[in-house]
>>> print(open('query-v1.cif').read())   # mmCIF, C-alpha atoms (C1' of nucleotides)
data_work
#
loop_
_atom_site.label_atom_id
_atom_site.label_comp_id
_atom_site.auth_asym_id
_atom_site.auth_seq_id
_atom_site.Cartn_x
_atom_site.Cartn_y
_atom_site.Cartn_z
CA MET A 903 -8.17 -25.49 -23.76
CA ALA A 904 -11.81 -26.24 -23.51
CA LYS A 905 -14.08 -24.43 -21.14
CA ILE A 906 -14.63 -27.39 -18.86
CA LYS A 907 -11.44 -28.63 -17.40
CA ALA A 908 -11.23 -30.97 -14.49
CA TYR A 909 -9.51 -28.83 -11.85
CA ARG A 910 -9.04 -30.64 -8.60
CA ASN A 911 -9.20 -27.63 -6.33
CA GLY A 912 -11.34 -25.22 -8.30
CA THR A 913 -10.45 -23.22 -11.37
CA LYS A 914 -7.17 -21.46 -11.98
CA LYS A 915 -8.94 -18.25 -11.09
CA ASP A 916 -9.61 -19.73 -7.67
CA ALA A 917 -5.97 -20.66 -7.33
CA ILE A 918 -4.90 -17.13 -8.23
CA ILE A 919 -7.25 -15.66 -5.65
CA ARG A 920 -6.01 -18.09 -3.02
CA LYS A 921 -2.39 -17.15 -3.71
CA ALA A 922 -3.36 -13.50 -3.72
CA ALA A 923 -4.99 -13.80 -0.32
CA ALA A 924 -1.78 -15.21 1.09
CA LEU A 925 0.29 -12.49 -0.54
CA PHE A 926 -2.03 -9.66 0.49
CA ARG A 927 -2.07 -11.01 4.04
CA LYS A 928 1.68 -11.04 4.26
CA LYS A 929 2.52 -7.74 2.57
CA GLY A 930 -0.73 -5.80 2.37
CA PHE A 931 -2.79 -5.20 -0.76
CA ALA A 932 -1.12 -1.97 -1.87
CA SER A 933 2.37 -3.33 -1.32
CA SER A 934 1.71 -6.47 -3.34
CA SER A 935 2.35 -6.23 -7.06
CA MET A 936 0.78 -8.23 -9.84
CA ARG A 937 4.26 -9.32 -10.85
CA GLU A 938 4.84 -10.75 -7.41
CA LEU A 939 1.53 -12.54 -7.51
CA ALA A 940 2.36 -13.88 -10.97
CA ASP A 941 5.65 -15.21 -9.64
CA THR A 942 3.98 -17.22 -6.91
CA VAL A 943 1.45 -18.53 -9.42
CA GLY A 944 4.27 -19.42 -11.79
CA VAL A 945 3.28 -17.27 -14.73
CA GLU A 946 3.88 -13.85 -16.29
CA ALA A 947 1.93 -10.93 -14.86
CA SER A 948 0.01 -10.30 -18.03
CA SER A 949 -1.18 -13.90 -18.11
CA LEU A 950 -3.13 -13.32 -14.91
CA TYR A 951 -5.50 -11.16 -16.90
CA ASN A 952 -6.75 -14.20 -18.79
CA HIS A 953 -8.38 -15.23 -15.52
CA ILE A 954 -9.08 -12.10 -13.51
CA GLY A 955 -10.25 -8.65 -14.49
CA SER A 956 -8.04 -6.52 -12.32
CA LYS A 957 -6.11 -6.37 -9.09
CA SER A 958 -9.05 -4.66 -7.39
CA GLU A 959 -11.36 -7.43 -8.50
CA ILE A 960 -9.26 -9.96 -6.61
CA LEU A 961 -9.61 -7.99 -3.39
CA GLN A 962 -13.35 -7.70 -3.97
CA SER A 963 -13.65 -11.48 -4.42
CA ILE A 964 -11.82 -12.12 -1.19
CA CYS A 965 -13.67 -9.58 0.91
CA PHE A 966 -17.18 -10.38 -0.27
CA LYS A 967 -16.69 -14.12 -0.11
CA VAL A 968 -15.71 -13.81 3.55
CA ALA A 969 -18.52 -11.37 4.26
CA GLU A 970 -21.01 -13.77 2.71
CA ASP A 971 -19.80 -16.66 4.87
CA PHE A 972 -20.24 -14.61 8.02
CA ASN A 973 -23.59 -13.19 6.98
CA MET A 974 -24.99 -16.60 6.11
CA HIS A 975 -23.91 -18.02 9.42
CA LEU A 976 -25.32 -15.08 11.33
CA THR A 977 -28.66 -15.46 9.59
CA GLU A 978 -28.80 -19.13 10.55
CA VAL A 979 -27.93 -18.40 14.15
CA GLU A 980 -30.38 -15.57 14.48
CA LYS A 981 -33.39 -17.59 13.42
CA SER A 982 -32.35 -20.54 15.55
CA PRO A 983 -34.16 -21.25 18.83
CA LEU A 984 -31.01 -20.65 20.90
CA GLY A 985 -30.90 -18.22 23.80
CA SER A 986 -28.92 -14.99 23.56
CA LEU A 987 -25.86 -16.35 25.32
CA GLU A 988 -25.82 -19.52 23.25
CA LYS A 989 -26.13 -17.44 20.10
CA LEU A 990 -23.19 -15.31 21.10
CA GLU A 991 -21.14 -18.37 21.97
CA THR A 992 -21.93 -19.95 18.61
CA LEU A 993 -20.93 -16.78 16.79
CA ILE A 994 -17.68 -16.39 18.68
CA ARG A 995 -16.75 -20.00 17.99
CA PHE A 996 -17.53 -19.54 14.32
CA HIS A 997 -15.35 -16.43 14.10
CA ILE A 998 -12.44 -18.26 15.66
CA LYS A 999 -12.87 -21.29 13.42
CA MET A 1000 -13.04 -19.10 10.34
CA MET A 1001 -9.91 -17.25 11.39
CA LEU A 1002 -8.08 -20.53 11.83
CA ASN A 1003 -9.39 -22.32 8.73
CA GLN A 1004 -9.38 -19.44 6.26
CA TYR A 1005 -6.66 -17.38 7.82
CA ASP A 1006 -5.47 -15.48 4.75
CA GLU A 1007 -8.90 -14.63 3.42
CA VAL A 1008 -10.38 -13.57 6.75
CA TYR A 1009 -7.32 -11.55 7.61
CA VAL A 1010 -7.44 -9.72 4.29
CA ALA A 1011 -11.15 -9.04 4.63
CA ASN A 1012 -10.58 -7.66 8.13
CA HIS A 1013 -7.52 -5.57 7.34
CA GLU A 1014 -7.49 -4.60 3.69
CA TRP A 1015 -11.12 -3.75 3.03
CA LYS A 1016 -10.20 -0.09 3.17
CA GLN A 1017 -8.46 -0.56 -0.17
CA LEU A 1018 -11.73 -1.50 -1.86
CA GLN A 1019 -12.91 0.95 -4.48
CA GLU A 1020 -16.35 2.47 -4.59
CA PRO A 1021 -19.04 1.30 -4.77
CA TYR A 1022 -17.66 -1.86 -3.20
CA LEU A 1023 -16.27 -0.05 -0.20
CA GLU A 1024 -19.65 1.37 0.73
CA ASN A 1025 -21.33 -1.97 0.10
CA PHE A 1026 -18.87 -3.75 2.35
CA LEU A 1027 -19.28 -1.20 5.13
CA THR A 1028 -23.03 -1.47 4.92
CA GLN A 1029 -22.83 -5.22 5.37
CA ARG A 1030 -20.54 -4.74 8.34
CA LYS A 1031 -22.95 -2.32 10.00
CA LEU A 1032 -25.81 -4.71 9.38
CA TYR A 1033 -23.82 -7.48 11.00
CA GLU A 1034 -23.13 -5.31 14.02
CA SER A 1035 -26.72 -4.22 14.42
CA THR A 1036 -27.89 -7.82 14.37
CA LEU A 1037 -25.47 -8.63 17.16
CA ILE A 1038 -26.73 -5.64 19.07
CA ARG A 1039 -30.28 -6.92 18.73
CA ILE A 1040 -29.27 -10.31 20.12
CA ILE A 1041 -27.61 -8.65 23.09
CA GLU A 1042 -30.54 -6.31 23.75
CA LEU A 1043 -32.82 -9.29 23.91
CA GLY A 1044 -30.44 -10.94 26.37
CA ILE A 1045 -30.47 -7.84 28.54
CA SER A 1046 -34.25 -7.69 28.56
CA LYS A 1047 -34.30 -11.30 29.72
CA ALA A 1048 -31.70 -10.49 32.38
CA GLU A 1049 -29.29 -12.99 30.88
CA ILE A 1050 -26.80 -10.29 30.05
CA LYS A 1051 -25.43 -7.37 32.05
CA ASN A 1052 -27.02 -3.99 31.45
CA LEU A 1053 -24.05 -2.43 29.69
CA GLN A 1054 -24.04 -0.56 26.39
CA PRO A 1055 -24.82 -3.24 23.79
CA TYR A 1056 -22.72 -1.42 21.24
CA VAL A 1057 -19.68 -1.61 23.48
CA MET A 1058 -20.12 -5.33 24.04
CA VAL A 1059 -20.41 -5.94 20.32
CA LEU A 1060 -17.32 -3.87 19.72
CA THR A 1061 -15.39 -5.83 22.33
CA ILE A 1062 -16.44 -9.20 20.97
CA LEU A 1063 -15.81 -8.34 17.32
CA SER A 1064 -12.50 -6.65 18.06
CA SER A 1065 -11.35 -9.68 20.00
CA VAL A 1066 -12.12 -12.25 17.36
CA ARG A 1067 -10.97 -10.07 14.47
CA GLY A 1068 -7.66 -9.38 16.16
CA LEU A 1069 -6.81 -13.04 16.31
CA GLU A 1070 -4.46 -12.66 13.38
CA SER A 1071 -1.61 -12.17 15.81
CA TRP A 1072 -2.06 -15.66 17.17
CA HIS A 1073 0.93 -17.77 16.33
CA ARG A 1074 -0.49 -21.10 15.29
CA ASN A 1075 0.77 -24.26 16.89
CA LYS A 1076 2.61 -22.20 19.44
CA LYS A 1077 2.66 -21.82 23.16
CA ASN A 1078 0.96 -25.18 23.71
CA VAL A 1079 -2.36 -23.58 22.86
CA THR A 1080 -4.47 -25.78 20.61
CA PRO A 1081 -7.31 -24.34 18.54
CA GLU A 1082 -9.72 -25.96 21.00
CA ASN A 1083 -7.98 -24.26 23.94
CA LEU A 1084 -8.14 -20.97 22.18
CA GLU A 1085 -11.81 -21.31 21.33
CA ASN A 1086 -12.93 -22.52 24.74
CA ASP A 1087 -10.91 -20.09 26.80
CA MET A 1088 -11.85 -17.16 24.67
CA VAL A 1089 -15.54 -17.99 24.92
CA ILE A 1090 -15.27 -18.24 28.69
CA HIS A 1091 -13.34 -14.99 28.89
CA LEU A 1092 -15.74 -13.04 26.69
CA LEU A 1093 -18.88 -14.42 28.34
CA LYS A 1094 -17.89 -15.00 31.97
CA GLY A 1095 -14.89 -12.71 32.39
CA LEU A 1096 -11.49 -13.62 33.76
CA THR A 1097 -12.13 -13.10 37.50
CA ASN A 1098 -12.77 -16.02 39.79
CA MET B 841 15.51 31.23 9.05
CA ALA B 842 17.31 30.71 12.27
CA LYS B 843 17.59 27.41 13.94
CA ILE B 844 15.36 28.30 16.84
CA LYS B 845 11.96 29.28 15.70
CA ALA B 846 9.04 29.66 18.04
CA TYR B 847 6.69 26.93 16.89
CA ARG B 848 3.53 26.79 18.92
CA ASN B 849 2.83 23.09 18.50
CA GLY B 850 6.27 21.65 17.97
CA THR B 851 8.53 21.87 14.95
CA LYS B 852 7.42 21.63 11.36
CA LYS B 853 8.76 18.12 11.37
CA ASP B 854 6.26 17.33 14.11
CA ALA B 855 3.49 18.84 12.05
CA ILE B 856 4.46 16.74 9.05
CA ILE B 857 4.45 13.58 11.12
CA ARG B 858 1.08 14.46 12.59
CA LYS B 859 -0.43 15.02 9.15
CA ALA B 860 1.23 11.84 7.94
CA ALA B 861 -0.34 9.85 10.76
CA ALA B 862 -3.77 11.09 9.74
CA LEU B 863 -3.10 10.30 6.09
CA PHE B 864 -1.63 6.86 6.76
CA ARG B 865 -4.56 6.06 9.02
CA LYS B 866 -7.09 6.98 6.36
CA LYS B 867 -5.45 5.41 3.30
CA GLY B 868 -2.75 3.13 4.60
CA PHE B 869 0.99 3.73 4.45
CA ALA B 870 1.66 2.15 1.07
CA SER B 871 -1.30 3.88 -0.56
CA SER B 872 -0.26 7.32 0.69
CA SER B 873 2.13 9.26 -1.51
CA MET B 874 4.59 11.90 -0.50
CA ARG B 875 2.87 14.26 -2.95
CA GLU B 876 -0.42 13.71 -1.16
CA LEU B 877 1.21 14.34 2.19
CA ALA B 878 2.84 17.48 0.82
CA ASP B 879 -0.56 18.72 -0.34
CA THR B 880 -2.07 18.43 3.11
CA VAL B 881 0.98 20.15 4.59
CA GLY B 882 0.70 22.90 1.97
CA VAL B 883 4.07 22.44 0.35
CA GLU B 884 5.79 20.70 -2.56
CA ALA B 885 6.77 17.07 -2.05
CA SER B 886 10.47 17.77 -2.31
CA SER B 887 10.25 20.37 0.42
CA LEU B 888 9.30 17.70 2.92
CA TYR B 889 12.85 16.40 2.68
CA ASN B 890 14.15 19.52 4.38
CA HIS B 891 12.49 18.16 7.52
CA ILE B 892 12.34 14.40 7.25
CA GLY B 893 14.74 11.85 5.87
CA SER B 894 12.38 9.54 4.08
CA LYS B 895 8.84 8.21 3.95
CA SER B 896 9.90 5.17 5.96
CA GLU B 897 11.37 7.37 8.64
CA ILE B 898 7.97 8.95 9.22
CA LEU B 899 6.40 5.57 9.84
CA GLN B 900 9.22 4.68 12.18
CA SER B 901 8.68 7.87 14.17
CA ILE B 902 4.99 7.15 14.56
CA CYS B 903 5.32 3.48 15.49
CA PHE B 904 8.14 3.84 17.99
CA LYS B 905 6.67 6.89 19.66
CA VAL B 906 3.48 4.96 20.33
CA ALA B 907 5.38 1.87 21.43
CA GLU B 908 7.39 3.95 23.86
CA ASP B 909 4.27 5.45 25.40
CA PHE B 910 2.80 2.02 25.99
CA ASN B 911 6.04 0.53 27.27
CA MET B 912 6.62 3.35 29.73
CA HIS B 913 3.12 3.05 31.10
CA LEU B 914 3.44 -0.72 31.38
CA THR B 915 6.69 -0.38 33.31
CA GLU B 916 5.05 2.01 35.76
CA VAL B 917 2.07 -0.26 36.26
CA GLU B 918 4.15 -3.38 36.72
CA LYS B 919 6.23 -1.98 39.55
CA SER B 920 3.19 -0.44 41.25
CA PRO B 921 1.74 -2.12 44.35
CA LEU B 922 -1.58 -2.84 42.61
CA GLY B 923 -3.08 -6.33 42.47
CA SER B 924 -3.26 -8.25 39.21
CA LEU B 925 -6.82 -7.25 38.45
CA GLU B 926 -6.21 -3.61 39.21
CA LYS B 927 -3.14 -3.69 36.99
CA LEU B 928 -5.12 -5.15 34.12
CA GLU B 929 -7.86 -2.59 34.59
CA THR B 930 -5.34 0.24 34.58
CA LEU B 931 -3.77 -1.07 31.40
CA ILE B 932 -7.09 -1.51 29.63
CA ARG B 933 -8.13 2.00 30.52
CA PHE B 934 -4.84 3.38 29.29
CA HIS B 935 -5.18 1.57 25.96
CA ILE B 936 -8.64 3.01 25.44
CA LYS B 937 -7.56 6.52 26.41
CA MET B 938 -4.60 6.34 24.05
CA MET B 939 -6.81 5.13 21.23
CA LEU B 940 -9.18 8.02 21.81
CA ASN B 941 -6.59 10.75 22.36
CA GLN B 942 -3.99 9.74 19.79
CA TYR B 943 -6.25 7.99 17.37
CA ASP B 944 -4.23 8.39 14.18
CA GLU B 945 -0.89 7.49 15.69
CA VAL B 946 -2.10 4.48 17.65
CA TYR B 947 -4.08 3.20 14.71
CA VAL B 948 -1.07 3.47 12.41
CA ALA B 949 1.18 1.76 14.94
CA ASN B 950 -1.36 -1.06 15.28
CA HIS B 951 -2.10 -1.52 11.59
CA GLU B 952 0.83 -0.34 9.51
CA TRP B 953 3.81 -1.64 11.47
CA LYS B 954 4.14 -4.42 8.92
CA GLN B 955 5.37 -1.81 6.47
CA LEU B 956 8.38 -1.02 8.65
CA GLN B 957 11.71 -1.92 7.11
CA GLU B 958 14.35 -3.99 8.79
CA PRO B 959 15.83 -3.67 11.31
CA TYR B 960 12.95 -1.59 12.61
CA LEU B 961 10.39 -4.28 11.93
CA GLU B 962 12.20 -6.80 14.07
CA ASN B 963 12.79 -4.25 16.80
CA PHE B 964 9.11 -3.36 16.86
CA LEU B 965 8.04 -6.99 17.02
CA THR B 966 10.45 -7.66 19.84
CA GLN B 967 8.93 -4.82 21.84
CA ARG B 968 5.48 -6.20 21.18
CA LYS B 969 6.42 -9.66 22.37
CA LEU B 970 7.99 -8.18 25.47
CA TYR B 971 4.81 -6.26 26.15
CA GLU B 972 2.76 -9.43 25.79
CA SER B 973 5.00 -11.49 28.03
CA THR B 974 4.78 -8.87 30.76
CA LEU B 975 1.01 -9.06 30.60
CA ILE B 976 1.21 -12.83 30.76
CA ARG B 977 3.31 -12.56 33.90
CA ILE B 978 0.75 -10.30 35.54
CA ILE B 979 -2.01 -12.74 34.70
CA GLU B 980 -0.04 -15.76 35.91
CA LEU B 981 0.45 -14.06 39.25
CA GLY B 982 -3.29 -13.40 39.42
CA ILE B 983 -4.00 -17.04 38.71
CA SER B 984 -1.62 -18.22 41.41
CA LYS B 985 -3.42 -15.95 43.87
CA ALA B 986 -6.78 -17.28 42.67
CA GLU B 987 -7.88 -13.84 41.58
CA ILE B 988 -8.07 -14.91 37.96
CA LYS B 989 -9.59 -17.95 36.28
CA ASN B 990 -7.25 -20.76 35.39
CA LEU B 991 -7.38 -20.27 31.63
CA GLN B 992 -4.46 -20.05 29.22
CA PRO B 993 -2.79 -16.73 30.11
CA TYR B 994 -1.74 -16.30 26.50
CA VAL B 995 -5.35 -16.48 25.34
CA MET B 996 -6.47 -13.91 27.88
CA VAL B 997 -3.72 -11.53 26.82
CA LEU B 998 -4.65 -12.04 23.19
CA THR B 999 -8.30 -11.32 23.93
CA ILE B 1000 -7.57 -8.18 25.89
CA LEU B 1001 -5.06 -6.77 23.42
CA SER B 1002 -7.19 -7.61 20.41
CA SER B 1003 -10.17 -5.88 22.01
CA VAL B 1004 -8.44 -2.64 22.78
CA ARG B 1005 -6.45 -2.54 19.56
CA GLY B 1006 -9.56 -3.12 17.50
CA LEU B 1007 -11.20 0.00 18.87
CA GLU B 1008 -10.42 1.86 15.70
CA SER B 1009 -13.81 0.96 14.41
CA TRP B 1010 -15.48 2.93 17.16
CA HIS B 1011 -17.34 5.82 15.69
CA ARG B 1012 -16.59 8.67 17.98
CA ASN B 1013 -19.40 10.72 19.43
CA LYS B 1014 -21.86 8.22 18.10
CA LYS B 1015 -24.52 5.96 19.48
CA ASN B 1016 -24.78 7.94 22.70
CA VAL B 1017 -21.65 6.22 23.94
CA THR B 1018 -19.28 8.60 25.68
CA PRO B 1019 -15.61 7.77 26.12
CA GLU B 1020 -16.35 7.12 29.79
CA ASN B 1021 -19.13 4.68 28.89
CA LEU B 1022 -16.83 2.90 26.52
CA GLU B 1023 -14.03 2.65 29.03
CA ASN B 1024 -16.15 1.52 31.97
CA ASP B 1025 -18.26 -0.99 30.10
CA MET B 1026 -15.31 -2.48 28.32
CA VAL B 1027 -13.41 -2.93 31.57
CA ILE B 1028 -16.42 -4.66 33.11
CA HIS B 1029 -16.88 -6.87 30.08
CA LEU B 1030 -13.24 -7.93 29.86
CA LEU B 1031 -12.88 -8.55 33.62
CA LYS B 1032 -16.31 -9.70 34.74
CA GLY B 1033 -17.87 -10.95 31.51
CA LEU B 1034 -21.24 -10.04 30.09
CA THR B 1035 -23.42 -12.60 31.88
CA ASN B 1036 -25.51 -11.63 34.87
"C1'" DA C 1277 -5.59 -34.51 -38.06
"C1'" DT C 1278 -8.01 -30.17 -37.83
"C1'" DA C 1279 -10.06 -26.28 -35.91
"C1'" DA C 1280 -11.02 -23.50 -32.15
"C1'" DA C 1281 -10.55 -21.78 -27.82
"C1'" DA C 1282 -7.87 -21.01 -23.78
"C1'" DA C 1283 -3.93 -19.43 -21.79
"C1'" DA C 1284 0.63 -18.52 -22.07
"C1'" DC C 1285 4.19 -15.35 -23.90
"C1'" DT C 1286 6.85 -10.65 -25.29
"C1'" DA C 1287 6.70 -5.94 -25.53
"C1'" DA C 1288 5.12 -1.69 -24.60
"C1'" DT C 1289 2.32 2.03 -22.58
"C1'" DA C 1290 1.23 5.85 -19.57
"C1'" DA C 1291 1.12 7.06 -15.05
"C1'" DG C 1292 2.80 7.38 -10.54
"C1'" DC C 1293 6.35 6.62 -7.17
"C1'" DG C 1294 10.23 8.28 -3.75
"C1'" DT C 1295 13.90 10.95 -4.03
"C1'" DT C 1296 17.80 14.18 -5.60
"C1'" DA C 1297 20.01 18.30 -7.64
"C1'" DG C 1298 20.18 22.85 -8.25
"C1'" DT C 1299 18.17 27.29 -7.51
"C1'" DT C 1300 15.47 30.85 -5.37
"C1'" DT C 1301 12.93 32.78 -1.68
"C1'" DT C 1302 12.34 33.74 3.13
"C1'" DG C 1303 13.50 34.76 7.71
"C1'" DT C 1304 16.88 35.79 11.33
"C1'" DA C 1305 21.13 37.33 13.53
"C1'" DA C 1306 25.01 40.37 13.24
"C1'" DT D 1247 22.16 46.42 5.58
"C1'" DT D 1248 24.79 42.47 4.99
"C1'" DA D 1249 25.53 37.59 5.50
"C1'" DC D 1250 23.99 33.21 6.32
"C1'" DA D 1251 21.11 29.44 6.92
"C1'" DA D 1252 16.62 27.37 6.62
"C1'" DA D 1253 13.12 26.07 3.75
"C1'" DA D 1254 10.71 26.72 -0.17
"C1'" DC D 1255 10.67 26.05 -5.25
"C1'" DT D 1256 11.23 23.70 -10.28
"C1'" DA D 1257 12.81 20.02 -12.78
"C1'" DA D 1258 14.18 15.78 -13.41
"C1'" DC D 1259 15.93 11.07 -12.43
"C1'" DG D 1260 15.34 6.11 -12.50
"C1'" DC D 1261 12.22 2.80 -11.24
"C1'" DT D 1262 7.92 0.35 -10.52
"C1'" DT D 1263 3.18 0.07 -11.26
"C1'" DA D 1264 -1.27 -2.02 -13.40
"C1'" DT D 1265 -2.74 -2.92 -17.61
"C1'" DT D 1266 -3.15 -3.60 -22.87
"C1'" DA D 1267 -1.99 -5.25 -27.59
"C1'" DG D 1268 -0.46 -8.57 -30.38
"C1'" DT D 1269 1.45 -13.09 -30.97
"C1'" DT D 1270 2.50 -17.83 -30.02
"C1'" DT D 1271 1.92 -22.03 -27.56
"C1'" DT D 1272 -0.94 -25.42 -25.39
"C1'" DT D 1273 -4.95 -27.93 -24.70
"C1'" DT D 1274 -9.30 -29.81 -25.93
"C1'" DA D 1275 -13.29 -31.22 -28.96
"C1'" DT D 1276 -14.60 -32.93 -33.26
#
>>> encode(input="query-v1.cif", output="structure tokens")
Amino acid sequence: MAKIKAYRNGTKKDAIIRKAAALFRKKGFASSSMRELADTVGVEASSLYNHIGSKSEILQSICFKVAEDFNMHLTEVEKSPLGSLEKLETLIRFHIKMMLNQYDEVYVANHEWKQLQEPYLENFLTQRKLYESTLIRIIELGISKAEIKNLQPYVMVLTILSSVRGLESWHRNKKNVTPENLENDMVIHLLKGLTN
Amino acid sequence: MAKIKAYRNGTKKDAIIRKAAALFRKKGFASSSMRELADTVGVEASSLYNHIGSKSEILQSICFKVAEDFNMHLTEVEKSPLGSLEKLETLIRFHIKMMLNQYDEVYVANHEWKQLQEPYLENFLTQRKLYESTLIRIIELGISKAEIKNLQPYVMVLTILSSVRGLESWHRNKKNVTPENLENDMVIHLLKGLTN
DNA sequence: ATAAAAAACTAATAAGCGTTAGTTTTGTAA
DNA sequence: TTACAAAACTAACGCTTATTAGTTTTTTAT
């Protein structure tokens, strides 16, 4: 095979990583074996190593790709001219969309990052803390402008991020709740509360 | 040794399960080995089997103990004379207290239940769904009494449960946020929102 | 058609896993 | 002190793991 092949949906490496994300999401990283992954790809386990370096490398690809998507979006939002509340709303909506559109990858990044090896683990955690501190800054600005309640910014960030990250337990296409319902109602709940 | 020994903090089996919860929380169930657990207990791996039946059994103990605590509290709250909002507040506060007081166990129950074997997995999931549907009922009653916004009850339950379950990432004794701060601010945020 | 590269295969490795068997030590009750 | 049971130990079992080596097949470029 030549180097440049016309893959429709990315390279075979991409396909392996996509299948791996689905497998890791369902069974967890540590409980997923390379043989299992090879089965779903339709190949022997050893053949995977023509495309990827190691099992750990797959997890790294998934986690850092997701982290990059979120970081890029956050950077855009932060330097936008939106007010604090609009920024938060935009971010919440993005989190929900990401969870719905890239379910496996986002889930794995949120739940299996602990299985990363050093130095990737530390790197990932640093990015997470940076993300949190940016959100805190947005909220602090909103408090100073009296747009946001004077609560602990850290607690509000924790509540928002926990909410959107925990969405994995949402059963898609169930309970007559469309993605739009979910997004809108969750934004209202997290910004305006649930009391009348 | 006689059957009845005066253990200060429960039996040795309890001690093993407690250490296991801490280990499973830190490394995940599948990535924790019985030899590792034995090390932290101060014993050979095979000796553990004088007290517990299997590795799986430990996870079952942890998950169902936590589930029982939450279910019992929910039952109490439901049959109390409190209004919908007060019920929700009570439940949120209980979740946070549990997460702070029984960190390892609650974390493991929230994050490693997927590793349960059948029929325990199905049993656990059934309990979870029951818990959710009870919360939905409380919220529906609040909506009918116009105490709560007319949003999708399922979404509100998802938001609340995701928030409190995601608390694992809270760094204790950090950021000048006391447990009381956390509890109060989170209740305000989830009930009244963060806008002024 | 030929040559080269890519990607599949088979086979094997060393390490780690949960768990069991059999034995010895330890602690308690008589 | 003797007898018994609980709980520790050593050793090993059979199995699975990620990964490598070496070889063969498949695909592509010339």
>>> residues_near_point(input="query-v1.cif", point="(14.3, 10.9, -4.1)", cutoff="9 Å", atoms="all atoms listed in the file", output="PyMOL selection string")
(chain B and resi 886+889+894) or (chain C and resi 1294-1296) or (chain D and resi 1259)
>>> resolve_selection(input="query-v1.cif", expression="the PyMOL selection byres ((chain D and resi 1268) around 12)", output="number ranges by chain")
C: 1285-1288; D: 1266-1267, 1269-1270
>>> resolve_selection(input="query-v1.cif", expression="the PyMOL selection byres ((chain D) within 7 of (chain B))", output="MDAnalysis selection string")
chainID D and resid 1251:1254
>>> closest_atom_pairs(input="query-v1.cif", of="chain C", to="chain A", cutoff="9 Å", atoms="all atoms listed in the file", output="tab-separated table")
residue	atom	partner	partner_atom	distance
C:DA1281	C1'	A:Met903	CA	6.0
C:DA1282	C1'	A:Met903	CA	4.5
C:DA1283	C1'	A:Asn952	CA	6.7
C:DA1284	C1'	A:Ser949	CA	6.3
C:DC1285	C1'	A:Glu946	CA	7.8
>>> closest_residue(input="query-v1.cif", among="A:Ala1048, A:Val1089, A:Ile1038, A:Leu1043", to="chain B", atoms="all atoms listed in the file")
A:Ala1048
>>> residues_around(input="query-v1.cif", residues="A:Lys981", least_positions_apart="6", cutoff="12 Å", atoms="only C-alpha atoms (C1' of nucleotides)", output="list of chain:residue names")
A:Met974, A:His975, A:Lys989, A:Thr1036, A:Ile1040
>>> axis_aligned_box(input="query-v1.cif", around="stretch 932-950 of chain B", padding_each_side="5 Å", output="lines of an AutoDock Vina configuration file")
center_x = -4.0
center_y = 4.6
center_z = 21.5
size_x = 20.4
size_y = 22.3
size_z = 28.1
>>> atom_distance(input="query-v1.cif", atom1="atom CA of A:Arg1030", atom2="atom CA of A:Trp1015")
10.9 Å
